[in-house]
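Asker: Structure file input30.cif, mmCIF, N, CA and C atoms, is pasted below:
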```cif
data_protein
#
loop_
_atom_site.label_atom_id
_atom_site.label_comp_id
_atom_site.auth_asym_id
_atom_site.auth_seq_id
_atom_site.Cartn_x
_atom_site.Cartn_y
_atom_site.Cartn_z
N MET A 1 171.64 -101.57 -19.13
CA MET A 1 172.90 -102.28 -19.06
C MET A 1 172.62 -103.77 -18.82
N VAL A 2 173.55 -104.57 -19.25
CA VAL A 2 173.38 -106.01 -19.12
C VAL A 2 173.58 -106.44 -17.68
N ARG A 3 174.58 -105.88 -17.01
CA ARG A 3 174.86 -106.32 -15.65
C ARG A 3 173.89 -105.66 -14.67
N ASP A 4 173.62 -106.34 -13.57
CA ASP A 4 172.72 -105.81 -12.55
C ASP A 4 173.47 -104.80 -11.69
N LEU A 5 172.75 -103.78 -11.28
CA LEU A 5 173.34 -102.77 -10.41
C LEU A 5 172.94 -103.04 -8.97
N SER A 6 173.86 -102.74 -8.06
CA SER A 6 173.51 -102.86 -6.65
C SER A 6 172.54 -101.72 -6.31
N PRO A 7 171.83 -101.82 -5.21
CA PRO A 7 170.88 -100.75 -4.86
C PRO A 7 171.55 -99.37 -4.75
N GLY A 8 172.76 -99.33 -4.22
CA GLY A 8 173.47 -98.06 -4.11
C GLY A 8 173.84 -97.49 -5.47
N GLN A 9 174.32 -98.37 -6.35
CA GLN A 9 174.67 -97.92 -7.71
C GLN A 9 173.43 -97.46 -8.46
N ARG A 10 172.35 -98.20 -8.26
CA ARG A 10 171.09 -97.86 -8.94
C ARG A 10 170.60 -96.49 -8.47
N ALA A 11 170.69 -96.22 -7.17
CA ALA A 11 170.25 -94.93 -6.63
C ALA A 11 171.12 -93.80 -7.18
N TYR A 12 172.43 -94.04 -7.25
CA TYR A 12 173.35 -93.03 -7.77
C TYR A 12 173.03 -92.71 -9.22
N GLU A 13 172.84 -93.76 -10.03
CA GLU A 13 172.53 -93.55 -11.45
C GLU A 13 171.16 -92.90 -11.61
N ALA A 14 170.21 -93.22 -10.73
CA ALA A 14 168.88 -92.59 -10.79
C ALA A 14 168.99 -91.09 -10.53
N LYS A 15 169.85 -90.70 -9.58
CA LYS A 15 170.05 -89.27 -9.29
C LYS A 15 170.67 -88.57 -10.50
N ARG A 16 171.65 -89.21 -11.12
CA ARG A 16 172.28 -88.62 -12.29
C ARG A 16 171.30 -88.50 -13.45
N ALA A 17 170.44 -89.51 -13.61
CA ALA A 17 169.44 -89.48 -14.67
C ALA A 17 168.43 -88.37 -14.42
N ALA A 18 168.00 -88.23 -13.18
CA ALA A 18 167.04 -87.18 -12.84
C ALA A 18 167.66 -85.81 -13.09
N LYS A 19 168.91 -85.65 -12.76
CA LYS A 19 169.59 -84.38 -12.97
C LYS A 19 169.69 -84.05 -14.46
N ALA A 20 169.84 -85.08 -15.30
CA ALA A 20 169.93 -84.90 -16.74
C ALA A 20 168.55 -84.83 -17.38
N GLY A 21 167.48 -85.08 -16.61
CA GLY A 21 166.12 -85.02 -17.13
C GLY A 21 165.74 -86.23 -17.95
N MET A 22 166.27 -87.39 -17.60
CA MET A 22 165.98 -88.63 -18.33
C MET A 22 165.46 -89.67 -17.36
N SER A 23 164.87 -90.71 -17.95
CA SER A 23 164.49 -91.86 -17.12
C SER A 23 165.76 -92.68 -16.87
N LEU A 24 165.70 -93.52 -15.87
CA LEU A 24 166.87 -94.33 -15.52
C LEU A 24 167.27 -95.24 -16.67
N GLU A 25 166.29 -95.89 -17.30
CA GLU A 25 166.60 -96.82 -18.39
C GLU A 25 167.20 -96.08 -19.58
N LYS A 26 166.67 -94.91 -19.90
CA LYS A 26 167.19 -94.12 -21.01
C LYS A 26 168.61 -93.64 -20.68
N TRP A 27 168.83 -93.25 -19.44
CA TRP A 27 170.16 -92.81 -19.00
C TRP A 27 171.19 -93.93 -19.13
N LEU A 28 170.82 -95.13 -18.68
CA LEU A 28 171.74 -96.26 -18.74
C LEU A 28 172.05 -96.65 -20.19
N SER A 29 171.04 -96.61 -21.05
CA SER A 29 171.29 -96.96 -22.45
C SER A 29 172.16 -95.91 -23.12
N ALA A 30 171.94 -94.63 -22.81
CA ALA A 30 172.78 -93.57 -23.38
C ALA A 30 174.22 -93.70 -22.88
N LYS A 31 174.36 -94.04 -21.61
CA LYS A 31 175.69 -94.22 -21.03
C LYS A 31 176.42 -95.39 -21.70
N GLN A 32 175.69 -96.46 -21.96
CA GLN A 32 176.28 -97.63 -22.60
C GLN A 32 176.69 -97.31 -24.04
N LYS A 33 175.86 -96.57 -24.77
CA LYS A 33 176.20 -96.17 -26.13
C LYS A 33 177.45 -95.29 -26.16
N GLN A 34 177.52 -94.36 -25.21
CA GLN A 34 178.68 -93.46 -25.15
C GLN A 34 179.96 -94.24 -24.86
N GLN A 35 179.88 -95.20 -23.96
CA GLN A 35 181.05 -96.02 -23.66
C GLN A 35 181.48 -96.84 -24.87
N ALA A 36 180.52 -97.35 -25.64
CA ALA A 36 180.84 -98.12 -26.84
C ALA A 36 181.51 -97.22 -27.88
N GLU A 37 181.02 -95.99 -28.03
CA GLU A 37 181.63 -95.05 -28.98
C GLU A 37 183.06 -94.72 -28.57
N GLU A 38 183.27 -94.49 -27.29
CA GLU A 38 184.62 -94.17 -26.81
C GLU A 38 185.56 -95.35 -27.03
N GLU A 39 185.07 -96.56 -26.83
CA GLU A 39 185.89 -97.74 -27.04
C GLU A 39 186.27 -97.89 -28.51
N ARG A 40 185.30 -97.64 -29.41
CA ARG A 40 185.60 -97.70 -30.84
C ARG A 40 186.62 -96.64 -31.22
N ALA A 41 186.48 -95.43 -30.67
CA ALA A 41 187.42 -94.35 -30.98
C ALA A 41 188.82 -94.70 -30.48
N ARG A 42 188.91 -95.30 -29.28
CA ARG A 42 190.21 -95.71 -28.75
C ARG A 42 190.85 -96.79 -29.63
N ALA A 43 190.02 -97.73 -30.07
CA ALA A 43 190.54 -98.81 -30.92
C ALA A 43 191.01 -98.26 -32.26
N LYS A 44 190.26 -97.31 -32.81
CA LYS A 44 190.64 -96.70 -34.09
C LYS A 44 191.93 -95.91 -33.93
N ALA A 45 192.07 -95.17 -32.83
CA ALA A 45 193.28 -94.40 -32.59
C ALA A 45 194.48 -95.33 -32.38
N ALA A 46 194.27 -96.42 -31.69
CA ALA A 46 195.36 -97.37 -31.46
C ALA A 46 195.78 -98.02 -32.77
N GLU A 47 194.83 -98.26 -33.65
CA GLU A 47 195.14 -98.85 -34.95
C GLU A 47 195.94 -97.86 -35.81
N ALA A 48 195.59 -96.57 -35.72
CA ALA A 48 196.28 -95.56 -36.51
C ALA A 48 197.71 -95.35 -36.01
N VAL A 49 197.94 -95.53 -34.72
CA VAL A 49 199.26 -95.30 -34.13
C VAL A 49 200.15 -96.53 -34.26
N LYS A 50 199.56 -97.64 -34.65
CA LYS A 50 200.31 -98.89 -34.74
C LYS A 50 201.56 -98.70 -35.60
N PRO A 51 202.73 -99.05 -35.08
CA PRO A 51 203.97 -98.83 -35.84
C PRO A 51 204.06 -99.76 -37.04
N ALA A 52 204.80 -99.28 -38.04
CA ALA A 52 205.00 -100.09 -39.24
C ALA A 52 205.94 -101.25 -38.91
N LYS A 53 206.03 -102.20 -39.82
CA LYS A 53 206.91 -103.33 -39.61
C LYS A 53 208.35 -102.84 -39.49
N PRO A 54 209.11 -103.38 -38.58
CA PRO A 54 210.51 -102.96 -38.48
C PRO A 54 211.28 -103.43 -39.72
N ALA A 55 212.33 -102.68 -40.06
CA ALA A 55 213.12 -103.02 -41.23
C ALA A 55 213.77 -104.39 -41.02
N LYS A 56 213.73 -105.19 -42.06
CA LYS A 56 214.29 -106.53 -41.97
C LYS A 56 215.80 -106.44 -42.12
N ARG A 57 216.50 -107.17 -41.29
CA ARG A 57 217.96 -107.20 -41.33
C ARG A 57 218.39 -107.88 -42.63
N PRO A 58 219.43 -107.35 -43.29
CA PRO A 58 219.88 -107.98 -44.54
C PRO A 58 220.33 -109.41 -44.31
N GLY A 59 220.21 -110.22 -45.34
CA GLY A 59 220.58 -111.62 -45.24
C GLY A 59 222.08 -111.81 -45.11
N PHE A 60 222.47 -113.04 -44.91
CA PHE A 60 223.88 -113.38 -44.69
C PHE A 60 224.74 -112.98 -45.88
N LEU A 61 224.33 -113.34 -47.10
CA LEU A 61 225.12 -113.01 -48.28
C LEU A 61 225.17 -111.50 -48.52
N ALA A 62 224.08 -110.83 -48.31
CA ALA A 62 224.05 -109.38 -48.50
C ALA A 62 225.02 -108.70 -47.53
N ARG A 63 225.10 -109.19 -46.31
CA ARG A 63 226.06 -108.60 -45.34
C ARG A 63 227.50 -108.89 -45.76
N LEU A 64 227.77 -110.09 -46.27
CA LEU A 64 229.13 -110.42 -46.72
C LEU A 64 229.55 -109.55 -47.91
N ILE A 65 228.64 -109.36 -48.84
CA ILE A 65 228.95 -108.54 -50.02
C ILE A 65 229.17 -107.10 -49.59
N GLU A 66 228.37 -106.60 -48.66
CA GLU A 66 228.52 -105.24 -48.17
C GLU A 66 229.89 -105.06 -47.50
N ARG A 67 230.30 -106.03 -46.72
CA ARG A 67 231.62 -105.98 -46.06
C ARG A 67 232.75 -106.05 -47.07
N ALA A 68 232.54 -106.81 -48.15
CA ALA A 68 233.57 -106.95 -49.18
C ALA A 68 233.76 -105.64 -49.94
N HIS A 69 232.73 -104.83 -50.05
CA HIS A 69 232.84 -103.56 -50.78
C HIS A 69 233.46 -102.46 -49.94
N LYS A 70 233.51 -102.61 -48.65
CA LYS A 70 234.08 -101.58 -47.78
C LYS A 70 235.61 -101.63 -47.88
N PRO A 71 236.23 -100.45 -47.90
CA PRO A 71 237.72 -100.46 -47.94
C PRO A 71 238.30 -100.94 -46.60
N LEU A 72 239.50 -101.44 -46.67
CA LEU A 72 240.16 -101.95 -45.48
C LEU A 72 240.65 -100.87 -44.61
#
```
Please lay out the structure from this file as structure tokens.

Answerer:
Amino acid sequence: MVRDLSPGQRAYEAKRAAKAGMSLEKWLSAKQKQQAEEERARAKAAEAVKPAKPAKRPGFLARLIERAHKPL
């Protein structure tokens, strides 16, 4: 990881790496890759859910003509 870990964080991550059977550096790089993948997936999902453009309100003349066609 780019940022430095405090001694407590480093010890915690070392325990997790040992439990997974990896070295600390390999564990941190795998963790960083996984976070990047999740971020890309979230961005892709957010892009897919993005709403379409709202319908444009008819112009002034179009509204006048529409009102003129309606019965009284």

Asker: If the PyMOL selection byres (((chain A and resi 25-32 and name CA) around 12) and name CA) is run on the structure shown, which residues does it catch, given as a list of chain:residue names?

Answerer: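 Output of the PyMOL selection byres (((chain A and resi 25-32 and name CA) around 12) and name CA): A:Met1, A:Val2, A:Arg3, A:Asp4, A:Leu5, A:Gln9, A:Arg10, A:Tyr12, A:Glu13, A:Ala14, A:Lys15, A:Arg16, A:Ala17, A:Ala18, A:Lys19, A:Ala20, A:Gly21, A:Met22, A:Ser23, A:Leu24, A:Lys33, A:Gln34, A:Gln35, A:Ala36, A:Glu37, A:Glu38, A:Glu39.
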
Asker: Enter the distance from atom CA of A:Lys53 to atom CA of A:His69, in Å, rounded to one decimal.

Answerer: 28.2 Å

Asker: Just how far from atom N of A:Pro54 is atom N of A:Ala68, in Å to one decimal?

Answerer: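 Atom N of A:Pro54 lies 25.5 Å from atom N of A:Ala68.
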
Asker: Name the residues of chain A that come out as helix (DSSP H, G or I) in a backbone DSSP run; write them as an MDAnalysis selection string.

Answerer: chainID A and resid 7:20 24:49 60:69

Asker: In Å, rounded to a single decimal, give me how far atom N of A:Ala52 is from atom C of A:Arg40.

Answerer: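 Separation of atom C of A:Arg40 and atom N of A:Ala52: 19.6 Å.
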
Asker: Return the padded bounding box of stretch 25-38 of chain A as lines of an AutoDock Vina configuration file: axis-aligned, built from all atoms listed in the file, 3 Å added on each side, with centre and edge lengths in Å to one decimal.

Answerer:
```
center_x = 175.9
center_y = -95.5
center_z = -23.1
size_x = 25.3
size_y = 11.3
size_z = 17.7
```
